[in-house]
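Right, one structure below, let's go through it.
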Amino acid sequence: SQNIYILGIESSCDDTAAAVIHNGKILSNIIANQKIHEEYGGVVPELASRAHQQNIVPVVDQALKKAGITKDQLSAVAFTKGPGLMGSLLVGTSFAKSLAYGLNIPLIDVNHMQAHILAHFIDEEGFDKPPFPFLAMTISGGHTQIVKVNNHFDMEVIGETIDDAVGEAYDKSGKLLGLGYPAGPEIDKRAKLGNPKAFKFSKPKVDGLNFSFSGLKTAILYFIQREVKNNPNFIEENLNDICASIQYTIIGILTDKLKKASKETGIKHIAIGGGVSANSGIRQALKDGESKHGWTTYVPKFEFTTDNAAMIAIVGYLKYLDKDFTTQNVMANARLKI
Ligand code: KG4
Ligand code: ZN
């Protein structure tokens with residue numbers, strides 16, 4: 001059998017990441033988080049590009065070292081072409097091109113959204129790979145999509161957000177409540193301690209399998225303004241209940257569409273990915289779906305759900321097997337579609 005080593009590079013948003021995959025198995029998965037954005041309560045694109053520039057070489061070095069290989073052993077270099085922030089994508093793209101050029105090895109471009117889904121195909125003990133066709137819901141700070149996956153590279157987006165991503169709904173709600181960034185994990189933690197029916201937020205009416213989260217954010221804003229006018233301590237006194245109610249509404253929105261998608265397509269294999277798939281509510285809803293709707297559900301290992309380079313490396317490996325290489329003319333594409 002062949003020894004294929006692929007270096008994966010991810011720089012689409014605020015994480016600089018590199019990973020090495022040997023055949024289908026991840027040998028290293030390194031991420032440099034950019035703490036700088038916390039004080040701004042969101043990602044600042046200009047600062048993200050600069051941090052990528054600083055981090056990229058040390059992160060790649062560490063990934064190779066941890067994998068126990070030298071760059072001369074690499075079979076190919078895979079990188080995120082898009083979608084994402086242009087300045088951030090340019091750093092990873094330019095670096096990957098130079099490295100492949102210098103080593104005279106194939107260069108492989110990767111769609112970040114496909115990668116979130118194909119992360120399910122990393123060889124990992126205790127994690128099953130979904131059979132085709134399956135439905136994948138990618139939920140994070142940057143995306144919210146339901147994708148019908150017919151084959152590794154035959155995917156169809158059947159639903160997506162028309163405004164904010166679900167992670168943004170968490171983070172923006174958190175900001176209104178005075179929580180730190182990103183607020184998703186803390187809202188999740190507090191939600192478990194509160195009453196999900198304490199406050200009612202209406203669900204948006206969006207056609208088909210699409211999502212909308214901006215109305216929810218506005219509803220929460222007005223709700224808080226109104227209540228704080230009557231009681232300045234309203235937030236502190238009701239924080240867990242508010243978090244539980246927000247979470248209940250968001251999970252309801254996600255699962256309604258997932259149920260609809262499963263019903264319409266007749267597909268009962270359901271996979272999730274992206275940072276919000278860490279959420280306890282969505283995990284519980286998936287589990288409930290197994291007995292209620294006969295679903296088989298797939299959640300990847302946590303380190304492969306948030307933005308990472310292991311998912312870029314597995315796509316690189318699958319494309320390498322297909323000899324699906326790109327050229328030195330390739331350009332980053334901030335709005336790349338599945
Ligand atoms: O995939 P990710 O690391 O980065 C991208 O946005 O691509 O996702 C980050 C998002 C943030 O919005 C964060 O608040 C959310 O995932 N998040 C959560 C949880 N953990 C992370 N949202 C809800 N519940 C969680 N447990
Ligand atoms: Zn992502």
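Going by the structure tokens order, chains are called A, B, ..., each with residues numbered from 1, while ligands are numbered from 1 in the order shown.
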Residue set, stretch 142-330 of chain A restricted to strand (DSSP E), as a ChimeraX atom specification: /A:144-151,154-160,269-273,296-298
Just write the chosen residues, C-alpha atoms, as a PDB file, in the first residue's frame.
```pdb
ATOM      1  CA  THR A 144     -25.779  27.423   8.626  1.00  0.00           C
ATOM      2  CA  GLN A 145     -26.580  24.989   5.831  1.00  0.00           C
ATOM      3  CA  ILE A 146     -28.367  21.725   5.199  1.00  0.00           C
ATOM      4  CA  VAL A 147     -26.582  19.788   2.486  1.00  0.00           C
ATOM      5  CA  LYS A 148     -27.641  16.636   0.672  1.00  0.00           C
ATOM      6  CA  VAL A 149     -24.451  14.645   0.257  1.00  0.00           C
ATOM      7  CA  ASN A 150     -24.721  12.166  -2.611  1.00  0.00           C
ATOM      8  CA  ASN A 151     -21.024  11.421  -2.759  1.00  0.00           C
ATOM      9  CA  ASP A 154     -21.415  15.555  -5.172  1.00  0.00           C
ATOM     10  CA  MET A 155     -23.201  17.840  -2.734  1.00  0.00           C
ATOM     11  CA  GLU A 156     -26.320  19.936  -2.981  1.00  0.00           C
ATOM     12  CA  VAL A 157     -27.195  22.783  -0.612  1.00  0.00           C
ATOM     13  CA  ILE A 158     -30.914  22.327   0.079  1.00  0.00           C
ATOM     14  CA  GLY A 159     -31.234  24.960   2.800  1.00  0.00           C
ATOM     15  CA  GLU A 160     -29.226  27.829   4.235  1.00  0.00           C
ATOM     16  CA  HIS A 269     -28.701   9.448   7.998  1.00  0.00           C
ATOM     17  CA  ILE A 270     -28.044  12.837   9.571  1.00  0.00           C
ATOM     18  CA  ALA A 271     -24.617  14.367  10.224  1.00  0.00           C
ATOM     19  CA  ILE A 272     -23.726  17.662  11.893  1.00  0.00           C
ATOM     20  CA  GLY A 273     -20.548  19.736  11.946  1.00  0.00           C
ATOM     21  CA  THR A 296     -28.954   7.429  12.471  1.00  0.00           C
ATOM     22  CA  THR A 297     -26.919  10.449  13.540  1.00  0.00           C
ATOM     23  CA  TYR A 298     -23.239  11.340  13.207  1.00  0.00           C
TER      24      TYR A 298
END
```
Who sits within 12 Å of A:Ala96, only C-alpha atoms, same chain under 4 positions skipped, as a VMD selection string: chain A and resid 6 to 11 18 56 to 57 60 76 to 81 89 to 92 100 to 110 326 to 328 330 to 332
Which protein, DNA or RNA residues have an atom within 8 Å of ligand 2, counting only C-alpha atoms and all ligand atoms, as a ChimeraX atom specification? /A:12-13,112-113,116,140-143,274-275,306-308
Go ahead and write the selection's residues with C-alpha atoms as a PDB file, in the first residue's frame.
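After the write, again-v6.pdb holds the following:
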```pdb
ATOM      1  CA  SER A  12     -10.379  31.129   6.289  1.00  0.00           C
ATOM      2  CA  CYS A  13     -11.378  33.036   9.413  1.00  0.00           C
ATOM      3  CA  HIS A 112     -14.144  24.927   3.504  1.00  0.00           C
ATOM      4  CA  MET A 113     -17.839  24.014   3.604  1.00  0.00           C
ATOM      5  CA  HIS A 116     -16.737  20.585   7.420  1.00  0.00           C
ATOM      6  CA  SER A 140     -21.119  27.551  13.152  1.00  0.00           C
ATOM      7  CA  GLY A 141     -20.307  31.225  13.601  1.00  0.00           C
ATOM      8  CA  GLY A 142     -19.960  31.599   9.849  1.00  0.00           C
ATOM      9  CA  HIS A 143     -22.428  29.142   8.361  1.00  0.00           C
ATOM     10  CA  GLY A 274     -19.268  23.206  12.835  1.00  0.00           C
ATOM     11  CA  GLY A 275     -18.694  24.835  16.243  1.00  0.00           C
ATOM     12  CA  THR A 306     -14.736  23.661  14.867  1.00  0.00           C
ATOM     13  CA  ASP A 307     -12.499  25.240  12.231  1.00  0.00           C
ATOM     14  CA  ASN A 308      -9.445  23.010  11.855  1.00  0.00           C
TER      15      ASN A 308
END
```
Polymer residues at most 10 Å from A:Lys217, only C-alpha atoms, same-chain spacing of 3 or more positions, as a CSV table (one decimal) with C-alpha atoms, in the first residue's frame:
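Saved file out14.csv follows:
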```
chain,number,residue,atom,x,y,z
A,164,ASP,CA,-27.1,35.5,10.2
A,168,GLU,CA,-23.8,34.5,15.3
A,169,ALA,CA,-27.3,34.3,16.8
A,170,TYR,CA,-25.7,32.8,19.9
A,171,ASP,CA,-22.8,35.3,20.0
A,172,LYS,CA,-25.0,38.4,19.4
A,173,SER,CA,-27.6,37.4,22.0
A,174,GLY,CA,-24.7,36.8,24.4
A,176,LEU,CA,-26.8,41.8,24.6
A,201,PHE,CA,-39.5,34.1,21.4
A,213,PHE,CA,-31.8,34.3,12.7
A,214,SER,CA,-31.7,38.1,12.5
A,220,ILE,CA,-34.2,39.5,22.1
A,221,LEU,CA,-32.9,43.1,22.0
A,222,TYR,CA,-36.4,44.6,22.3
A,223,PHE,CA,-37.4,42.0,25.0
A,246,ILE,CA,-33.0,31.5,23.7
```
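For stretch 202-205 of chain A, the list of residues within 12 Å, based on only C-alpha atoms and with local chain neighbours fewer than 5 positions off taken out, reads Thr161, Ile162, Asp163, Lys197, Asn210, Phe211, Ser212, Phe213, Ser214, Gly215, Leu216, Lys217, Thr218, Ala219, Ile220, Phe223, Ser245, Ile246, Gln247, Tyr248, Thr249, Ile250, Ile251, Gly252, Ile253, Leu254, Thr255, Asp256 and Lys257 of chain A.
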Save the residues we just selected, N, CA and C atoms, as a PDB file, in the first residue's frame?
```pdb
ATOM      1  N   THR A 161     -29.002  29.775   5.639  1.00  0.00           N
ATOM      2  CA  THR A 161     -29.518  30.982   6.271  1.00  0.00           C
ATOM      3  C   THR A 161     -29.591  32.111   5.247  1.00  0.00           C
ATOM      4  N   ILE A 162     -30.636  32.921   5.402  1.00  0.00           N
ATOM      5  CA  ILE A 162     -30.766  34.068   4.500  1.00  0.00           C
ATOM      6  C   ILE A 162     -30.175  35.313   5.155  1.00  0.00           C
ATOM      7  N   ASP A 163     -29.727  35.204   6.404  1.00  0.00           N
ATOM      8  CA  ASP A 163     -29.075  36.355   7.062  1.00  0.00           C
ATOM      9  C   ASP A 163     -27.946  35.861   7.976  1.00  0.00           C
ATOM     10  N   LYS A 197     -38.891  27.343  28.980  1.00  0.00           N
ATOM     11  CA  LYS A 197     -40.191  27.920  28.625  1.00  0.00           C
ATOM     12  C   LYS A 197     -40.463  29.215  29.397  1.00  0.00           C
ATOM     13  N   ASN A 210     -34.804  26.940   4.291  1.00  0.00           N
ATOM     14  CA  ASN A 210     -33.909  28.045   4.663  1.00  0.00           C
ATOM     15  C   ASN A 210     -34.111  28.477   6.109  1.00  0.00           C
ATOM     16  N   PHE A 211     -33.110  29.178   6.628  1.00  0.00           N
ATOM     17  CA  PHE A 211     -33.114  29.665   8.004  1.00  0.00           C
ATOM     18  C   PHE A 211     -33.028  31.191   8.030  1.00  0.00           C
ATOM     19  N   SER A 212     -33.475  31.765   9.147  1.00  0.00           N
ATOM     20  CA  SER A 212     -33.240  33.185   9.393  1.00  0.00           C
ATOM     21  C   SER A 212     -33.031  33.361  10.887  1.00  0.00           C
ATOM     22  N   PHE A 213     -32.021  34.125  11.253  1.00  0.00           N
ATOM     23  CA  PHE A 213     -31.763  34.340  12.679  1.00  0.00           C
ATOM     24  C   PHE A 213     -31.720  35.811  13.083  1.00  0.00           C
ATOM     25  N   SER A 214     -31.824  36.719  12.103  1.00  0.00           N
ATOM     26  CA  SER A 214     -31.668  38.132  12.477  1.00  0.00           C
ATOM     27  C   SER A 214     -32.895  38.642  13.239  1.00  0.00           C
ATOM     28  N   GLY A 215     -34.084  38.099  12.923  1.00  0.00           N
ATOM     29  CA  GLY A 215     -35.297  38.527  13.625  1.00  0.00           C
ATOM     30  C   GLY A 215     -35.252  38.143  15.091  1.00  0.00           C
ATOM     31  N   LEU A 216     -34.685  36.986  15.358  1.00  0.00           N
ATOM     32  CA  LEU A 216     -34.570  36.514  16.745  1.00  0.00           C
ATOM     33  C   LEU A 216     -33.699  37.469  17.556  1.00  0.00           C
ATOM     34  N   LYS A 217     -32.590  37.876  16.950  1.00  0.00           N
ATOM     35  CA  LYS A 217     -31.676  38.803  17.614  1.00  0.00           C
ATOM     36  C   LYS A 217     -32.397  40.102  17.964  1.00  0.00           C
ATOM     37  N   THR A 218     -33.196  40.630  17.038  1.00  0.00           N
ATOM     38  CA  THR A 218     -33.935  41.872  17.272  1.00  0.00           C
ATOM     39  C   THR A 218     -35.000  41.656  18.344  1.00  0.00           C
ATOM     40  N   ALA A 219     -35.678  40.509  18.301  1.00  0.00           N
ATOM     41  CA  ALA A 219     -36.712  40.206  19.301  1.00  0.00           C
ATOM     42  C   ALA A 219     -36.099  40.170  20.699  1.00  0.00           C
ATOM     43  N   ILE A 220     -34.911  39.580  20.798  1.00  0.00           N
ATOM     44  CA  ILE A 220     -34.244  39.491  22.097  1.00  0.00           C
ATOM     45  C   ILE A 220     -33.825  40.889  22.571  1.00  0.00           C
ATOM     46  N   PHE A 223     -36.940  42.698  23.778  1.00  0.00           N
ATOM     47  CA  PHE A 223     -37.386  42.032  25.001  1.00  0.00           C
ATOM     48  C   PHE A 223     -36.547  42.511  26.196  1.00  0.00           C
ATOM     49  N   SER A 245     -34.220  29.862  27.352  1.00  0.00           N
ATOM     50  CA  SER A 245     -35.299  30.186  26.414  1.00  0.00           C
ATOM     51  C   SER A 245     -34.745  30.480  25.021  1.00  0.00           C
ATOM     52  N   ILE A 246     -33.610  31.171  24.966  1.00  0.00           N
ATOM     53  CA  ILE A 246     -32.975  31.452  23.671  1.00  0.00           C
ATOM     54  C   ILE A 246     -32.547  30.128  23.032  1.00  0.00           C
ATOM     55  N   GLN A 247     -31.899  29.295  23.832  1.00  0.00           N
ATOM     56  CA  GLN A 247     -31.418  28.008  23.302  1.00  0.00           C
ATOM     57  C   GLN A 247     -32.581  27.147  22.801  1.00  0.00           C
ATOM     58  N   TYR A 248     -33.671  27.144  23.574  1.00  0.00           N
ATOM     59  CA  TYR A 248     -34.850  26.353  23.204  1.00  0.00           C
ATOM     60  C   TYR A 248     -35.386  26.800  21.844  1.00  0.00           C
ATOM     61  N   THR A 249     -35.417  28.119  21.658  1.00  0.00           N
ATOM     62  CA  THR A 249     -35.920  28.668  20.385  1.00  0.00           C
ATOM     63  C   THR A 249     -34.994  28.284  19.232  1.00  0.00           C
ATOM     64  N   ILE A 250     -33.695  28.451  19.436  1.00  0.00           N
ATOM     65  CA  ILE A 250     -32.728  28.168  18.363  1.00  0.00           C
ATOM     66  C   ILE A 250     -32.746  26.681  17.984  1.00  0.00           C
ATOM     67  N   ILE A 251     -32.762  25.810  18.986  1.00  0.00           N
ATOM     68  CA  ILE A 251     -32.765  24.370  18.703  1.00  0.00           C
ATOM     69  C   ILE A 251     -34.054  23.987  17.970  1.00  0.00           C
ATOM     70  N   GLY A 252     -35.141  24.645  18.359  1.00  0.00           N
ATOM     71  CA  GLY A 252     -36.418  24.397  17.685  1.00  0.00           C
ATOM     72  C   GLY A 252     -36.329  24.760  16.208  1.00  0.00           C
ATOM     73  N   ILE A 253     -35.720  25.894  15.916  1.00  0.00           N
ATOM     74  CA  ILE A 253     -35.576  26.345  14.521  1.00  0.00           C
ATOM     75  C   ILE A 253     -34.754  25.319  13.732  1.00  0.00           C
ATOM     76  N   LEU A 254     -33.638  24.896  14.317  1.00  0.00           N
ATOM     77  CA  LEU A 254     -32.754  23.946  13.614  1.00  0.00           C
ATOM     78  C   LEU A 254     -33.430  22.596  13.395  1.00  0.00           C
ATOM     79  N   THR A 255     -34.076  22.078  14.435  1.00  0.00           N
ATOM     80  CA  THR A 255     -34.632  20.725  14.305  1.00  0.00           C
ATOM     81  C   THR A 255     -35.879  20.704  13.422  1.00  0.00           C
ATOM     82  N   ASP A 256     -36.653  21.797  13.427  1.00  0.00           N
ATOM     83  CA  ASP A 256     -37.819  21.853  12.532  1.00  0.00           C
ATOM     84  C   ASP A 256     -37.378  21.646  11.088  1.00  0.00           C
ATOM     85  N   LYS A 257     -36.303  22.357  10.694  1.00  0.00           N
ATOM     86  CA  LYS A 257     -35.845  22.286   9.301  1.00  0.00           C
ATOM     87  C   LYS A 257     -35.200  20.936   8.997  1.00  0.00           C
TER      88      LYS A 257
END
```
As an exercise, work out the distance from atom CA of A:Phe95 to atom CA of A:Glu46 in Å and give it to one decimal place. 17.9 Å
Got a sec to tell me which of stretch 93-226 of chain A DSSP assigns to alpha helix (DSSP H), as number ranges by chain? A: 93-103, 112-118, 166-176, 184-191, 214-226
Could those selected residues go to a file with N, CA and C atoms, as a compact mmCIF listing (two decimals), in the first residue's frame?
```txt
# COMPACT_ATOMS: atom_id res chain seq x y z
N THR A 93 -3.47 30.51 1.17
CA THR A 93 -3.35 30.17 -0.26
C THR A 93 -1.94 30.44 -0.77
N SER A 94 -1.42 31.62 -0.48
CA SER A 94 -0.08 31.98 -0.96
C SER A 94 0.98 31.07 -0.35
N PHE A 95 0.82 30.77 0.92
CA PHE A 95 1.80 29.91 1.58
C PHE A 95 1.76 28.51 0.96
N ALA A 96 0.57 27.97 0.78
CA ALA A 96 0.44 26.61 0.22
C ALA A 96 1.02 26.55 -1.19
N LYS A 97 0.75 27.57 -1.99
CA LYS A 97 1.27 27.60 -3.36
C LYS A 97 2.79 27.61 -3.34
N SER A 98 3.38 28.44 -2.52
CA SER A 98 4.84 28.53 -2.45
C SER A 98 5.45 27.21 -2.01
N LEU A 99 4.83 26.61 -1.01
CA LEU A 99 5.39 25.36 -0.47
C LEU A 99 5.33 24.24 -1.53
N ALA A 100 4.18 24.11 -2.17
CA ALA A 100 4.04 23.07 -3.21
C ALA A 100 5.00 23.35 -4.36
N TYR A 101 5.16 24.60 -4.69
CA TYR A 101 6.08 25.01 -5.77
C TYR A 101 7.52 24.65 -5.41
N GLY A 102 7.90 25.00 -4.19
CA GLY A 102 9.27 24.72 -3.74
C GLY A 102 9.57 23.23 -3.67
N LEU A 103 8.58 22.46 -3.22
CA LEU A 103 8.78 21.01 -3.06
C LEU A 103 8.48 20.26 -4.35
N HIS A 112 -14.01 25.00 2.05
CA HIS A 112 -14.14 24.93 3.50
C HIS A 112 -15.46 24.28 3.94
N MET A 113 -16.54 24.56 3.22
CA MET A 113 -17.84 24.01 3.60
C MET A 113 -17.93 22.52 3.31
N GLN A 114 -17.33 22.11 2.20
CA GLN A 114 -17.26 20.66 1.93
C GLN A 114 -16.42 19.98 3.01
N ALA A 115 -15.35 20.67 3.42
CA ALA A 115 -14.44 20.09 4.41
C ALA A 115 -15.15 19.84 5.75
N HIS A 116 -16.00 20.80 6.17
CA HIS A 116 -16.74 20.59 7.42
C HIS A 116 -17.52 19.27 7.35
N ILE A 117 -18.03 18.96 6.16
CA ILE A 117 -18.83 17.75 6.00
C ILE A 117 -17.94 16.52 5.87
N LEU A 118 -16.87 16.64 5.09
CA LEU A 118 -16.01 15.48 4.85
C LEU A 118 -15.13 15.13 6.05
N VAL A 166 -26.18 30.61 12.69
CA VAL A 166 -26.72 30.27 14.01
C VAL A 166 -25.73 30.64 15.13
N GLY A 167 -24.44 30.44 14.90
CA GLY A 167 -23.43 30.82 15.91
C GLY A 167 -23.46 32.31 16.19
N GLU A 168 -23.72 33.09 15.13
CA GLU A 168 -23.84 34.54 15.30
C GLU A 168 -25.03 34.87 16.17
N ALA A 169 -26.12 34.11 16.01
CA ALA A 169 -27.31 34.34 16.84
C ALA A 169 -26.94 34.13 18.30
N TYR A 170 -26.17 33.08 18.57
CA TYR A 170 -25.69 32.85 19.94
C TYR A 170 -24.79 33.99 20.41
N ASP A 171 -23.82 34.35 19.57
CA ASP A 171 -22.84 35.35 20.00
C ASP A 171 -23.45 36.73 20.17
N LYS A 172 -24.36 37.11 19.27
CA LYS A 172 -24.99 38.43 19.37
C LYS A 172 -25.96 38.49 20.54
N SER A 173 -26.69 37.39 20.78
CA SER A 173 -27.56 37.35 21.96
C SER A 173 -26.71 37.48 23.22
N GLY A 174 -25.60 36.77 23.22
CA GLY A 174 -24.69 36.82 24.38
C GLY A 174 -24.19 38.22 24.64
N LYS A 175 -23.88 38.92 23.57
CA LYS A 175 -23.39 40.29 23.70
C LYS A 175 -24.45 41.17 24.38
N LEU A 176 -25.73 40.99 23.96
CA LEU A 176 -26.83 41.76 24.56
C LEU A 176 -26.97 41.45 26.06
N GLY A 184 -21.61 31.31 22.71
CA GLY A 184 -22.30 30.04 22.56
C GLY A 184 -22.10 29.07 23.71
N PRO A 185 -20.84 28.77 24.06
CA PRO A 185 -20.61 27.79 25.14
C PRO A 185 -21.24 28.21 26.47
N GLU A 186 -21.18 29.51 26.81
CA GLU A 186 -21.74 29.92 28.11
C GLU A 186 -23.27 29.89 28.09
N ILE A 187 -23.87 30.29 26.97
CA ILE A 187 -25.34 30.21 26.89
C ILE A 187 -25.77 28.75 27.05
N ASP A 188 -25.02 27.85 26.41
CA ASP A 188 -25.31 26.42 26.49
C ASP A 188 -25.23 25.94 27.95
N LYS A 189 -24.17 26.36 28.64
CA LYS A 189 -23.97 25.94 30.03
C LYS A 189 -25.11 26.45 30.92
N ARG A 190 -25.45 27.72 30.75
CA ARG A 190 -26.51 28.32 31.57
C ARG A 190 -27.89 27.76 31.20
N ALA A 191 -28.05 27.42 29.92
CA ALA A 191 -29.34 26.90 29.45
C ALA A 191 -29.72 25.64 30.23
N SER A 214 -31.82 36.72 12.10
CA SER A 214 -31.67 38.13 12.48
C SER A 214 -32.90 38.64 13.24
N GLY A 215 -34.08 38.10 12.92
CA GLY A 215 -35.30 38.53 13.63
C GLY A 215 -35.25 38.14 15.09
N LEU A 216 -34.68 36.99 15.36
CA LEU A 216 -34.57 36.51 16.74
C LEU A 216 -33.70 37.47 17.56
N LYS A 217 -32.59 37.88 16.95
CA LYS A 217 -31.68 38.80 17.61
C LYS A 217 -32.40 40.10 17.96
N THR A 218 -33.20 40.63 17.04
CA THR A 218 -33.94 41.87 17.27
C THR A 218 -35.00 41.66 18.34
N ALA A 219 -35.68 40.51 18.30
CA ALA A 219 -36.71 40.21 19.30
C ALA A 219 -36.10 40.17 20.70
N ILE A 220 -34.91 39.58 20.80
CA ILE A 220 -34.24 39.49 22.10
C ILE A 220 -33.83 40.89 22.57
N LEU A 221 -33.34 41.69 21.64
CA LEU A 221 -32.94 43.06 21.97
C LEU A 221 -34.12 43.85 22.56
N TYR A 222 -35.28 43.83 21.87
CA TYR A 222 -36.45 44.58 22.34
C TYR A 222 -36.95 44.01 23.67
N PHE A 223 -36.94 42.70 23.78
CA PHE A 223 -37.39 42.03 25.00
C PHE A 223 -36.55 42.51 26.20
N ILE A 224 -35.23 42.52 26.01
CA ILE A 224 -34.34 42.92 27.11
C ILE A 224 -34.51 44.40 27.44
N GLN A 225 -34.60 45.23 26.41
CA GLN A 225 -34.79 46.67 26.65
C GLN A 225 -36.06 46.93 27.45
N ARG A 226 -37.13 46.23 27.08
CA ARG A 226 -38.42 46.40 27.75
C ARG A 226 -38.34 45.96 29.21
```
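With distances restricted to only C-alpha atoms, A:Asn240 is the closest residue to A:Leu193 from A:Asn329, A:Pro45, A:Ile4, A:Asn240.
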